[in-house]
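Q: Provided herewith: input.cif, mmCIF, C-alpha atoms and all ligand atoms.
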data_coords
loop_
_atom_site.label_atom_id
_atom_site.label_comp_id
_atom_site.auth_asym_id
_atom_site.auth_seq_id
_atom_site.Cartn_x
_atom_site.Cartn_y
_atom_site.Cartn_z
CA MET A 1 0.17 20.40 16.44
CA ARG A 2 0.34 16.61 16.07
CA THR A 3 -2.02 14.60 13.82
CA SER A 4 -3.66 11.46 15.13
CA ILE A 5 -5.40 8.60 13.34
CA ALA A 6 -9.01 8.56 14.56
CA GLY A 7 -10.21 5.65 12.46
CA THR A 8 -9.09 2.99 10.01
CA GLY A 9 -10.99 0.91 7.47
CA SER A 10 -10.39 -1.59 4.72
CA TYR A 11 -12.10 -3.53 1.97
CA LEU A 12 -11.23 -6.72 0.09
CA PRO A 13 -13.22 -8.03 -2.87
CA ASP A 14 -14.96 -11.40 -2.30
CA ARG A 15 -13.21 -13.43 -5.00
CA VAL A 16 -10.19 -15.39 -3.76
CA LEU A 17 -7.55 -16.47 -6.28
CA THR A 18 -5.32 -19.17 -4.80
CA ASN A 19 -1.89 -20.37 -5.86
CA ALA A 20 -3.61 -23.63 -6.94
CA ASP A 21 -5.84 -21.54 -9.27
CA LEU A 22 -2.72 -19.88 -10.73
CA GLU A 23 -1.10 -23.27 -11.34
CA LYS A 24 -3.87 -23.81 -13.90
CA MET A 25 -3.25 -20.44 -15.59
CA VAL A 26 0.56 -20.12 -15.90
CA ASP A 27 3.65 -22.30 -15.54
CA THR A 28 4.04 -21.93 -11.76
CA THR A 29 3.66 -23.88 -8.53
CA ASP A 30 2.25 -23.18 -5.10
CA GLU A 31 5.68 -24.15 -3.73
CA TRP A 32 7.50 -21.52 -5.87
CA ILE A 33 5.09 -18.70 -5.04
CA LEU A 34 4.98 -19.50 -1.32
CA SER A 35 8.73 -19.96 -0.86
CA ARG A 36 9.76 -16.91 -2.97
CA THR A 37 7.05 -14.48 -1.84
CA GLY A 38 5.04 -15.83 1.13
CA ILE A 39 1.81 -15.40 -0.85
CA SER A 40 -0.89 -18.12 -0.67
CA GLU A 41 -3.85 -16.24 -2.12
CA ARG A 42 -5.02 -12.80 -3.21
CA ARG A 43 -8.36 -11.06 -3.84
CA ILE A 44 -9.63 -10.08 -7.27
CA ALA A 45 -12.23 -7.35 -7.87
CA ALA A 46 -15.55 -8.30 -9.49
CA PRO A 47 -15.89 -7.18 -13.14
CA GLU A 48 -18.18 -4.29 -12.16
CA GLN A 49 -15.87 -3.04 -9.36
CA ALA A 50 -13.40 -0.23 -9.99
CA THR A 51 -10.84 1.28 -7.62
CA SER A 52 -13.27 3.91 -6.28
CA ASP A 53 -15.76 1.18 -5.28
CA LEU A 54 -13.13 -0.43 -3.06
CA ALA A 55 -11.94 2.94 -1.75
CA ILE A 56 -15.50 4.01 -0.83
CA GLU A 57 -16.05 0.89 1.31
CA ALA A 58 -12.72 1.35 3.13
CA GLY A 59 -13.43 5.07 3.58
CA ARG A 60 -16.89 4.38 5.05
CA MET A 61 -15.44 2.00 7.64
CA ALA A 62 -12.74 4.49 8.65
CA LEU A 63 -15.29 7.30 9.03
CA GLU A 64 -17.50 5.04 11.14
CA MET A 65 -14.64 4.22 13.51
CA ALA A 66 -13.82 7.93 13.75
CA GLY A 67 -17.49 8.75 14.43
CA LEU A 68 -17.64 11.16 11.49
CA GLU A 69 -20.07 11.76 8.62
CA GLY A 70 -18.88 12.33 5.07
CA GLY A 71 -20.09 15.94 5.23
CA GLU A 72 -17.60 16.68 8.01
CA ILE A 73 -14.51 15.77 5.94
CA ASP A 74 -12.28 18.62 4.70
CA LEU A 75 -10.01 16.72 2.32
CA ILE A 76 -9.86 13.31 0.63
CA ILE A 77 -6.59 11.96 -0.78
CA VAL A 78 -6.64 8.70 -2.73
CA ALA A 79 -3.27 7.06 -3.41
CA THR A 80 -3.57 4.76 -6.41
CA LEU A 81 -1.81 3.75 -9.60
CA THR A 82 -5.00 2.17 -10.94
CA PRO A 83 -7.52 5.07 -10.96
CA ASP A 84 -11.05 4.57 -12.34
CA TYR A 85 -10.30 7.11 -15.08
CA LEU A 86 -7.26 9.01 -16.31
CA PHE A 87 -9.39 11.94 -15.10
CA PRO A 88 -11.34 13.03 -13.10
CA SER A 89 -9.76 11.83 -9.90
CA THR A 90 -10.80 8.71 -8.01
CA ALA A 91 -10.85 10.88 -4.86
CA GLY A 92 -13.62 12.97 -6.46
CA LEU A 93 -15.71 9.83 -7.02
CA VAL A 94 -15.15 8.83 -3.39
CA GLN A 95 -16.22 12.34 -2.32
CA ARG A 96 -19.48 12.01 -4.24
CA ALA A 97 -20.32 8.57 -2.81
CA LEU A 98 -19.51 9.53 0.79
CA GLY A 99 -21.50 12.79 0.60
CA ALA A 100 -18.33 14.65 1.51
CA HIS A 101 -19.58 17.76 -0.29
CA ARG A 102 -17.29 20.15 1.63
CA ALA A 103 -14.12 18.19 0.93
CA ALA A 104 -11.31 19.05 -1.45
CA ALA A 105 -10.20 15.89 -3.23
CA PHE A 106 -7.24 14.71 -5.25
CA ASP A 107 -5.36 11.57 -6.26
CA LEU A 108 -1.73 10.90 -5.50
CA GLU A 109 0.52 8.52 -7.41
CA ALA A 110 3.55 7.17 -5.65
CA ALA A 111 2.96 3.51 -6.59
CA CYS A 112 3.27 1.12 -3.64
CA THR A 113 4.53 3.95 -1.39
CA GLY A 114 1.36 5.96 -2.16
CA PHE A 115 -0.28 5.55 1.24
CA ILE A 116 2.85 6.72 3.08
CA TYR A 117 2.97 9.79 0.80
CA ALA A 118 -0.77 10.44 1.36
CA LEU A 119 -0.35 10.08 5.11
CA ALA A 120 2.55 12.55 5.07
CA ILE A 121 0.57 15.13 3.08
CA GLY A 122 -2.59 14.65 5.14
CA ASP A 123 -0.47 15.09 8.28
CA LEU A 124 0.86 18.43 6.97
CA PHE A 125 -2.66 19.72 6.27
CA VAL A 126 -3.83 18.79 9.78
CA SER A 127 -0.72 19.82 11.73
CA SER A 128 -0.65 23.19 9.94
CA GLY A 129 -4.22 23.85 11.08
CA LYS A 130 -5.46 24.18 7.50
CA TYR A 131 -7.83 21.19 7.76
CA SER A 132 -9.01 19.18 10.76
CA ARG A 133 -10.57 16.10 9.14
CA VAL A 134 -8.67 14.39 6.35
CA LEU A 135 -9.51 10.99 4.81
CA VAL A 136 -6.51 9.22 3.26
CA ILE A 137 -7.05 6.06 1.23
CA GLY A 138 -4.83 3.61 -0.62
CA ALA A 139 -6.81 1.61 -3.18
CA GLU A 140 -5.97 -0.54 -6.19
CA VAL A 141 -7.52 -2.82 -8.77
CA LEU A 142 -4.19 -4.05 -10.07
CA SER A 143 -5.74 -7.19 -11.54
CA ARG A 144 -6.83 -5.07 -14.55
CA PHE A 145 -3.20 -4.11 -15.25
CA LEU A 146 -1.56 -7.53 -15.10
CA ASP A 147 -0.51 -9.81 -17.90
CA TRP A 148 -2.19 -13.04 -16.80
CA GLU A 149 0.23 -14.98 -19.03
CA ASP A 150 3.36 -13.55 -17.36
CA ARG A 151 4.26 -15.69 -14.34
CA ASN A 152 6.90 -13.13 -13.29
CA THR A 153 4.21 -10.63 -12.30
CA CYS A 154 0.68 -12.05 -12.25
CA VAL A 155 1.25 -14.23 -9.18
CA LEU A 156 2.38 -11.27 -7.06
CA PHE A 157 -0.45 -8.76 -6.93
CA GLY A 158 -3.99 -8.43 -5.58
CA ASP A 159 -6.85 -5.92 -5.24
CA GLY A 160 -7.99 -4.07 -2.12
CA ALA A 161 -8.30 -0.77 -0.27
CA GLY A 162 -7.41 0.68 3.12
CA ALA A 163 -8.17 4.03 4.71
CA ALA A 164 -7.37 6.27 7.68
CA VAL A 165 -9.03 9.39 9.11
CA LEU A 166 -6.62 12.09 10.29
CA VAL A 167 -7.61 14.62 12.97
CA PRO A 168 -5.73 16.94 15.35
CA SER A 169 -4.27 14.98 18.27
CA GLU A 170 -6.19 15.68 21.48
CA ASP A 171 -3.26 15.23 23.84
CA GLY A 172 -0.47 16.27 21.47
CA ILE A 173 1.30 12.97 22.22
CA ARG A 174 -0.66 10.36 20.30
CA GLY A 175 -0.33 10.63 16.55
CA ILE A 176 2.07 10.84 13.63
CA VAL A 177 5.54 11.61 14.98
CA SER A 178 7.47 11.84 11.70
CA THR A 179 7.21 10.97 8.01
CA HIS A 180 10.01 10.25 5.54
CA LEU A 181 9.61 10.26 1.73
CA HIS A 182 12.07 9.30 -1.01
CA ASN A 183 12.22 8.79 -4.76
CA ASP A 184 14.91 7.80 -7.26
CA GLY A 185 13.67 8.50 -10.77
CA ARG A 186 16.84 7.08 -12.31
CA MET A 187 15.34 3.63 -11.82
CA ALA A 188 11.83 4.47 -13.04
CA GLU A 189 11.70 1.72 -15.65
CA LEU A 190 12.61 -1.13 -13.28
CA LEU A 191 8.93 -1.28 -12.32
CA HIS A 192 6.42 0.38 -14.65
CA ALA A 193 3.60 0.09 -17.18
CA PRO A 194 5.11 1.18 -20.53
CA ALA A 195 1.82 2.13 -22.23
CA GLY A 196 -1.45 3.80 -21.30
CA GLY A 197 0.00 7.25 -20.69
CA SER A 198 0.99 10.15 -22.96
CA ARG A 199 4.38 8.62 -23.82
CA ARG A 200 2.79 5.54 -25.30
CA PRO A 201 -1.01 5.53 -25.61
CA THR A 202 -2.70 2.13 -25.61
CA ASP A 203 -2.77 1.75 -29.40
CA ALA A 204 -3.43 -1.57 -31.14
CA GLU A 205 0.22 -2.63 -30.97
CA ALA A 206 0.55 -1.74 -27.27
CA LEU A 207 -2.63 -3.67 -26.62
CA ALA A 208 -1.39 -6.72 -28.53
CA GLN A 209 1.90 -6.66 -26.60
CA LYS A 210 0.08 -5.96 -23.31
CA LEU A 211 2.30 -2.93 -22.71
CA TYR A 212 -0.33 -1.39 -20.41
CA THR A 213 0.44 -4.09 -17.82
CA VAL A 214 2.96 -4.12 -14.97
CA LYS A 215 6.53 -4.90 -16.04
CA MET A 216 9.07 -5.51 -13.29
CA GLN A 217 12.70 -6.54 -13.03
CA GLY A 218 11.85 -8.32 -9.79
CA ASN A 219 15.30 -9.35 -8.72
CA GLU A 220 16.76 -5.83 -9.10
CA VAL A 221 13.78 -4.28 -7.32
CA PHE A 222 14.13 -6.84 -4.51
CA LYS A 223 17.75 -5.93 -3.77
CA ILE A 224 17.11 -2.18 -3.81
CA ALA A 225 13.98 -2.58 -1.65
CA VAL A 226 15.90 -4.40 1.10
CA THR A 227 18.64 -1.71 1.14
CA LYS A 228 16.35 1.33 0.99
CA LEU A 229 13.96 -0.01 3.64
CA SER A 230 16.92 -0.65 5.92
CA ASP A 231 18.07 2.96 5.30
CA VAL A 232 14.63 4.40 6.03
CA VAL A 233 14.40 2.46 9.30
CA ASP A 234 17.73 4.01 10.37
CA GLU A 235 16.48 7.43 9.27
CA ILE A 236 13.26 7.12 11.31
CA LEU A 237 15.09 5.92 14.43
CA ASP A 238 17.78 8.63 14.12
CA ALA A 239 15.26 11.43 13.45
CA ASN A 240 13.41 10.56 16.65
CA GLY A 241 16.35 9.59 18.87
CA LEU A 242 15.02 6.04 19.20
CA LYS A 243 16.59 2.58 19.38
CA GLU A 244 15.30 -0.58 17.72
CA GLU A 245 13.73 -1.80 20.98
CA ASP A 246 11.56 1.33 21.21
CA VAL A 247 9.47 0.16 18.23
CA ASP A 248 6.48 -2.01 19.25
CA PHE A 249 5.06 -2.89 15.83
CA LEU A 250 6.17 -2.88 12.21
CA VAL A 251 3.46 -2.40 9.56
CA PRO A 252 5.41 -3.02 6.35
CA HIS A 253 4.46 -2.87 2.70
CA GLN A 254 3.29 -6.37 1.78
CA ALA A 255 5.27 -7.20 -1.37
CA ASN A 256 7.32 -10.17 -0.29
CA LEU A 257 7.69 -11.98 3.04
CA ARG A 258 11.47 -12.18 2.54
CA ILE A 259 11.69 -8.37 2.30
CA ILE A 260 9.43 -8.02 5.36
CA LYS A 261 11.63 -10.42 7.35
CA ALA A 262 14.77 -8.50 6.38
CA THR A 263 13.26 -5.26 7.75
CA ALA A 264 12.09 -7.04 10.91
CA ARG A 265 15.63 -8.41 11.43
CA LYS A 266 17.00 -4.89 11.01
CA LEU A 267 14.65 -3.71 13.79
CA ARG A 268 15.42 -6.86 15.84
CA LEU A 269 11.65 -7.37 16.06
CA PRO A 270 10.21 -10.88 16.50
CA MET A 271 7.70 -11.74 13.77
CA ASP A 272 4.77 -11.57 16.22
CA LYS A 273 5.42 -7.80 16.31
CA VAL A 274 5.22 -7.56 12.52
CA ILE A 275 1.85 -7.25 10.78
CA VAL A 276 1.79 -9.73 7.89
CA THR A 277 -1.07 -9.92 5.39
CA VAL A 278 0.93 -10.72 2.23
CA ASP A 279 -0.01 -14.42 2.61
CA ARG A 280 -3.71 -13.61 2.09
CA HIS A 281 -3.65 -10.30 0.16
CA GLY A 282 -0.58 -10.53 -2.09
CA ASN A 283 0.89 -7.15 -3.04
CA THR A 284 -1.97 -4.63 -3.14
CA SER A 285 0.39 -1.69 -3.85
CA ALA A 286 -0.89 1.54 -2.22
CA ALA A 287 -3.55 -0.43 -0.34
CA SER A 288 -1.17 -2.81 1.40
CA VAL A 289 -0.06 -0.71 4.40
CA PRO A 290 -3.54 0.64 5.33
CA LEU A 291 -5.06 -2.84 4.86
CA ALA A 292 -2.49 -4.31 7.26
CA LEU A 293 -2.90 -1.40 9.67
CA ASP A 294 -6.68 -1.78 9.78
CA GLU A 295 -6.41 -5.50 10.39
CA ALA A 296 -3.97 -4.93 13.28
CA VAL A 297 -6.12 -2.19 14.84
CA ARG A 298 -9.42 -4.09 14.56
CA SER A 299 -7.90 -7.28 15.97
CA ASN A 300 -6.58 -5.24 18.95
CA ARG A 301 -2.96 -6.11 18.24
CA ILE A 302 -1.96 -2.47 17.93
CA ARG A 303 -3.21 -0.59 20.97
CA SER A 304 -3.11 2.92 22.34
CA GLY A 305 0.42 3.88 23.38
CA ASP A 306 2.21 1.53 20.95
CA THR A 307 5.03 2.94 18.82
CA VAL A 308 4.28 1.82 15.26
CA LEU A 309 6.63 2.02 12.29
CA LEU A 310 5.06 2.01 8.81
CA GLU A 311 7.15 1.58 5.65
CA ALA A 312 6.72 1.00 1.93
CA PHE A 313 8.70 0.64 -1.28
CA GLY A 314 7.62 0.62 -4.93
CA GLY A 315 7.64 2.01 -8.45
CA GLY A 316 9.28 5.39 -8.99
CA LEU A 317 11.34 4.04 -7.42
CA THR A 318 9.70 5.37 -4.27
CA TRP A 319 10.14 4.48 -0.63
CA GLY A 320 9.33 5.95 2.72
CA GLY A 321 8.13 5.45 6.25
CA ALA A 322 6.27 6.96 9.14
CA LEU A 323 6.45 6.68 12.92
CA VAL A 324 3.12 6.78 14.76
CA ASN A 325 2.52 6.95 18.48
CA TRP A 326 -0.76 5.02 18.48
O1 LIG B 401 5.68 -3.53 -4.40
C1 LIG B 401 6.58 -2.98 -5.27
C2 LIG B 401 7.92 -3.50 -5.04
N1 LIG B 401 8.06 -4.83 -5.55
C3 LIG B 401 8.78 -5.69 -4.89
O2 LIG B 401 9.27 -5.38 -3.84
C4 LIG B 401 9.03 -7.03 -5.53
C5 LIG B 401 10.48 -7.36 -5.41
N2 LIG B 401 10.85 -8.59 -6.02
C6 LIG B 401 10.48 -9.82 -5.56
O3 LIG B 401 9.69 -9.92 -4.65
C7 LIG B 401 11.15 -11.02 -6.16
O4 LIG B 401 12.24 -10.60 -6.94
C8 LIG B 401 10.21 -11.90 -7.01
C9 LIG B 401 9.23 -12.61 -6.09
C10 LIG B 401 9.48 -11.06 -8.03
C11 LIG B 401 11.02 -12.97 -7.73
O5 LIG B 401 11.77 -13.73 -6.83
P1 LIG B 401 13.33 -13.99 -7.07
O6 LIG B 401 13.78 -14.87 -5.99
O7 LIG B 401 13.98 -12.63 -7.21
O8 LIG B 401 13.32 -14.80 -8.42
P2 LIG B 401 13.96 -14.42 -9.84
O9 LIG B 401 13.25 -13.26 -10.44
O10 LIG B 401 15.44 -14.30 -9.67
O11 LIG B 401 13.61 -15.70 -10.67
C12 LIG B 401 14.11 -16.97 -10.32
C13 LIG B 401 13.54 -18.01 -11.27
C14 LIG B 401 13.64 -17.63 -12.74
O12 LIG B 401 13.99 -18.77 -13.47
P3 LIG B 401 15.49 -19.01 -13.95
O13 LIG B 401 15.80 -17.83 -14.84
O14 LIG B 401 16.34 -19.03 -12.71
O15 LIG B 401 15.41 -20.32 -14.66
C15 LIG B 401 12.23 -17.22 -13.12
O16 LIG B 401 11.93 -17.44 -14.47
O17 LIG B 401 12.15 -18.22 -11.03
C16 LIG B 401 11.42 -18.14 -12.25
N3 LIG B 401 10.07 -17.65 -11.97
C17 LIG B 401 9.04 -18.46 -11.66
N4 LIG B 401 8.95 -19.80 -11.51
C18 LIG B 401 7.74 -20.29 -11.17
C19 LIG B 401 9.65 -16.35 -11.97
N5 LIG B 401 8.34 -16.32 -11.64
C20 LIG B 401 7.94 -17.60 -11.45
C21 LIG B 401 6.72 -18.20 -11.07
N6 LIG B 401 6.67 -19.53 -10.95
N7 LIG B 401 5.61 -17.46 -10.82
#
Taking this structure as input, can you express it in the form of structure tokens?

A:
Amino acid sequence: MRTSIAGTGSYLPDRVLTNADLEKMVDTTDEWILSRTGISERRIAAPEQATSDLAIEAGRMALEMAGLEGGEIDLIIVATLTPDYLFPSTAGLVQRALGAHRAAAFDLEAACTGFIYALAIGDLFVSSGKYSRVLVIGAEVLSRFLDWEDRNTCVLFGDGAGAAVLVPSEDGIRGIVSTHLHNDGRMAELLHAPAGGSRRPTDAEALAQKLYTVKMQGNEVFKIAVTKLSDVVDEILDANGLKEEDVDFLVPHQANLRIIKATARKLRLPMDKVIVTVDRHGNTSAASVPLALDEAVRSNRIRSGDTVLLEAFGGGLTWGGALVNW
């Protein structure tokens, strides 16, 4: 049985932080940020907003599009690396707010690739017949885990959430065709938060050195991202006996416009067939792919019958992709 996406949703906090604002905070320029990343602005959560608050809004919108009530959902998966609490899960808080009292709920951590992982797992639950209504969400409040004095990282990320409702495909044609997940733990420390976990609790010294914030060797990560995303595109095409021209839309992880353009070139796709939100959202980690997907669906760019390739890359190092017959 194939799994289809019956609804999508997304949420962005109101506050916009522009490159001009960042120029006043760290030694950077709009020109550097725009030319190296493609980012012009990003959203920042209000002080009272946590990841679940963003996830709940995105989840509500996705349920509404799918014509479902919270009480009809069987499972909620929230992909995030910035949960409200270490425990209980953010998915459990989403369950409570949506009145999804029947639903099982858990969080999934695969950094920026989290939504692709959640989609793959949700697909397995639906296609196996175990569950018929699964809500998958990618949500982050990364702004709480950034060193706002480190220009190497603070200009790159933003807050947001995106969601999708998975149901059994009615015609067996529309839906998720294949999913592809990868990890290379040998490069775990290229992109990580050194403190805040059991290896290094956030003690006074870790706090003073801001070791709970995102640390990234950007240039190394960049090179690996371009290679692995090219590999996963080949893998998706090969697995489904497709050629580049069979793909109608690319919904990439929104980390860097240069990485997105490299993947588009690989697929020989013109940029009007690539969903780009990085200019306005920055890198929202697990939220980036579902945010872009929701924007493309609601603006009628992606339509029924389109072949859509989703991909992501991030900490872990993780990467992966999915092919969806929309
Ligand atoms: O979503 C998870 C996966 N993450 C990614 O995919 C991110 C991958 N990496 C990247 O997107 C890019 O590597 C960055 C955007 C992070 C950096 O771009 P880059 O072209 O790789 O630059 P770089 O790190 O090689 O740095 C070039 C220069 C350095 O100065 P020197 O050493 O050449 O004098 C940096 O200090 O740019 C400097 N720099 C900045 N200058 C102004 C770094 N950040 C800034 C900044 N403003 N914000």

Q: With only C-alpha atoms and all ligand atoms as the basis for distance, which of A:Val155, A:Ala206, A:Ala62, A:Leu250 is at the shortest distance from ligand LIG 401 (chain B)?

A: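 Among the listed residues, the smallest separation from ligand LIG 401 (chain B) belongs to A:Val155.
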
Q: Within 8 Å of Ala312 in chain A, counting only C-alpha atoms, which residues show up once you throw out same-chain ones fewer than 6 positions away? Write them as a list of chain:residue names, please.

A: A:Cys112, A:Thr113, A:Ile116, A:Leu229, A:Pro252, A:His253, A:Val289, A:Trp319, A:Gly320, A:Gly321

Q: Got a sec: who's within 10 Å of Asp306 in chain A, counting all atoms listed in the file, leaving out chain neighbours fewer than 5 positions off, as a list in words?

A: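 Skipping anything fewer than 5 positions along the chain leaves Arg174, Asp246, Val247, Asp248, Phe249, Arg301, Val324, Asn325 and Trp326 of chain A.
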
Q: Grab the CA of Thr227 in chain A to atom N2 of ligand LIG 401 (chain B) distance for me, in Å with one decimal place.

A: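 If I compute the distance from CA of Thr227 in chain A to atom N2 of ligand LIG 401 (chain B), I get 12.6 Å.
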
Q: Pick out the residues no farther than 8 Å from ligand LIG 401 (chain B), counting only C-alpha atoms and all ligand atoms, and list them as an MDAnalysis selection string.

A: chainID A and resid 26:29 32:33 36:37 111:112 150:156 191 216:223 225 253:256 258:259 283:285 312:315

Q: Go ahead and save the residues from that selection, with C-alpha atoms, as a JSON list (two decimals), in the frame of the given file.

A:
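See result_4.json below for the written result:
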[["chain", "number", "residue", "atom", "x", "y", "z"],
["A", 26, "VAL", "CA", 0.56, -20.12, -15.90],
["A", 27, "ASP", "CA", 3.65, -22.30, -15.54],
["A", 28, "THR", "CA", 4.04, -21.93, -11.76],
["A", 29, "THR", "CA", 3.66, -23.88, -8.53],
["A", 32, "TRP", "CA", 7.50, -21.52, -5.87],
["A", 33, "ILE", "CA", 5.09, -18.70, -5.04],
["A", 36, "ARG", "CA", 9.76, -16.91, -2.97],
["A", 37, "THR", "CA", 7.05, -14.48, -1.84],
["A", 111, "ALA", "CA", 2.96, 3.51, -6.59],
["A", 112, "CYS", "CA", 3.27, 1.12, -3.64],
["A", 150, "ASP", "CA", 3.36, -13.55, -17.36],
["A", 151, "ARG", "CA", 4.26, -15.69, -14.34],
["A", 152, "ASN", "CA", 6.90, -13.13, -13.29],
["A", 153, "THR", "CA", 4.21, -10.63, -12.30],
["A", 154, "CYS", "CA", 0.68, -12.05, -12.25],
["A", 155, "VAL", "CA", 1.25, -14.23, -9.18],
["A", 156, "LEU", "CA", 2.38, -11.27, -7.06],
["A", 191, "LEU", "CA", 8.93, -1.28, -12.32],
["A", 216, "MET", "CA", 9.07, -5.51, -13.29],
["A", 217, "GLN", "CA", 12.70, -6.54, -13.03],
["A", 218, "GLY", "CA", 11.85, -8.32, -9.79],
["A", 219, "ASN", "CA", 15.30, -9.35, -8.72],
["A", 220, "GLU", "CA", 16.76, -5.83, -9.10],
["A", 221, "VAL", "CA", 13.78, -4.28, -7.32],
["A", 222, "PHE", "CA", 14.13, -6.84, -4.51],
["A", 223, "LYS", "CA", 17.75, -5.93, -3.77],
["A", 225, "ALA", "CA", 13.98, -2.58, -1.65],
["A", 253, "HIS", "CA", 4.46, -2.87, 2.70],
["A", 254, "GLN", "CA", 3.29, -6.37, 1.78],
["A", 255, "ALA", "CA", 5.27, -7.20, -1.37],
["A", 256, "ASN", "CA", 7.32, -10.17, -0.29],
["A", 258, "ARG", "CA", 11.47, -12.18, 2.54],
["A", 259, "ILE", "CA", 11.69, -8.37, 2.30],
["A", 283, "ASN", "CA", 0.89, -7.15, -3.04],
["A", 284, "THR", "CA", -1.97, -4.63, -3.14],
["A", 285, "SER", "CA", 0.39, -1.69, -3.85],
["A", 312, "ALA", "CA", 6.72, 1.00, 1.93],
["A", 313, "PHE", "CA", 8.70, 0.64, -1.28],
["A", 314, "GLY", "CA", 7.62, 0.62, -4.93],
["A", 315, "GLY", "CA", 7.64, 2.01, -8.45]]

Q: With distances taken over only C-alpha atoms, which residue among A:Gly138, A:Gly305, A:Pro201, A:Gly59 lies nearest Thr82 in chain A?

A: A:Gly138

Q: Between A:Gly38, A:Gly122, A:Gly175, A:Gly316, which residue has the minimum interatomic distance to Leu75 in chain A, considering all atoms listed in the file?

A: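 When distances to Leu75 in chain A are compared using all atoms listed in the file, the smallest one comes from A:Gly122.
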
Q: Just to confirm, what's the straight-line distance from CA of Arg265 in chain A to CA of Ser299 in chain A in Å (one decimal)?

A: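 Spanning CA of Arg265 in chain A to CA of Ser299 in chain A is a straight-line distance of 24.0 Å.
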
Q: Could you list, as a list in words, every residue within 7 Å of Val126 in chain A, counting all atoms listed in the file and ignoring same-chain residues fewer than 6 positions away?

A: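 Counting only the stated atoms, we get Thr3, Ser132, Val167 and Pro168 of chain A.
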
Q: One number please: CA of Glu170 in chain A to CA of Asp238 in chain A, in Å, one decimal.

A: 26.0 Å

Q: I'd like to know which of A:His101, A:Arg280, A:Arg298, A:Arg60 is closest to Asp74 in chain A, using all atoms listed in the file.

A: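 Once distances to Asp74 in chain A are computed over all atoms listed in the file, the minimum belongs to A:His101.
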
Q: Please work out which residues fall within 7 Å of (-6.1, -15.7, -2.0), coordinates as given in the file, with all atoms listed in the file counting, and return them as a list in words.

A: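 Selection result: Val16, Leu17, Thr18, Ser40, Glu41, Arg42, Arg43, Arg280 and His281 of chain A.
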
Q: Under the rule that all atoms listed in the file are counted, which of A:Ala105, A:Leu119, A:Ile39, A:Val141 is the nearest residue to Pro88 in chain A?

A: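 Under the stated criterion, the closest residue is A:Ala105.
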
Q: I'd like to know which of A:Asp171, A:Glu140, A:Glu244, A:Glu189 is closest to Leu291 in chain A, using all atoms listed in the file.

A: A:Glu140
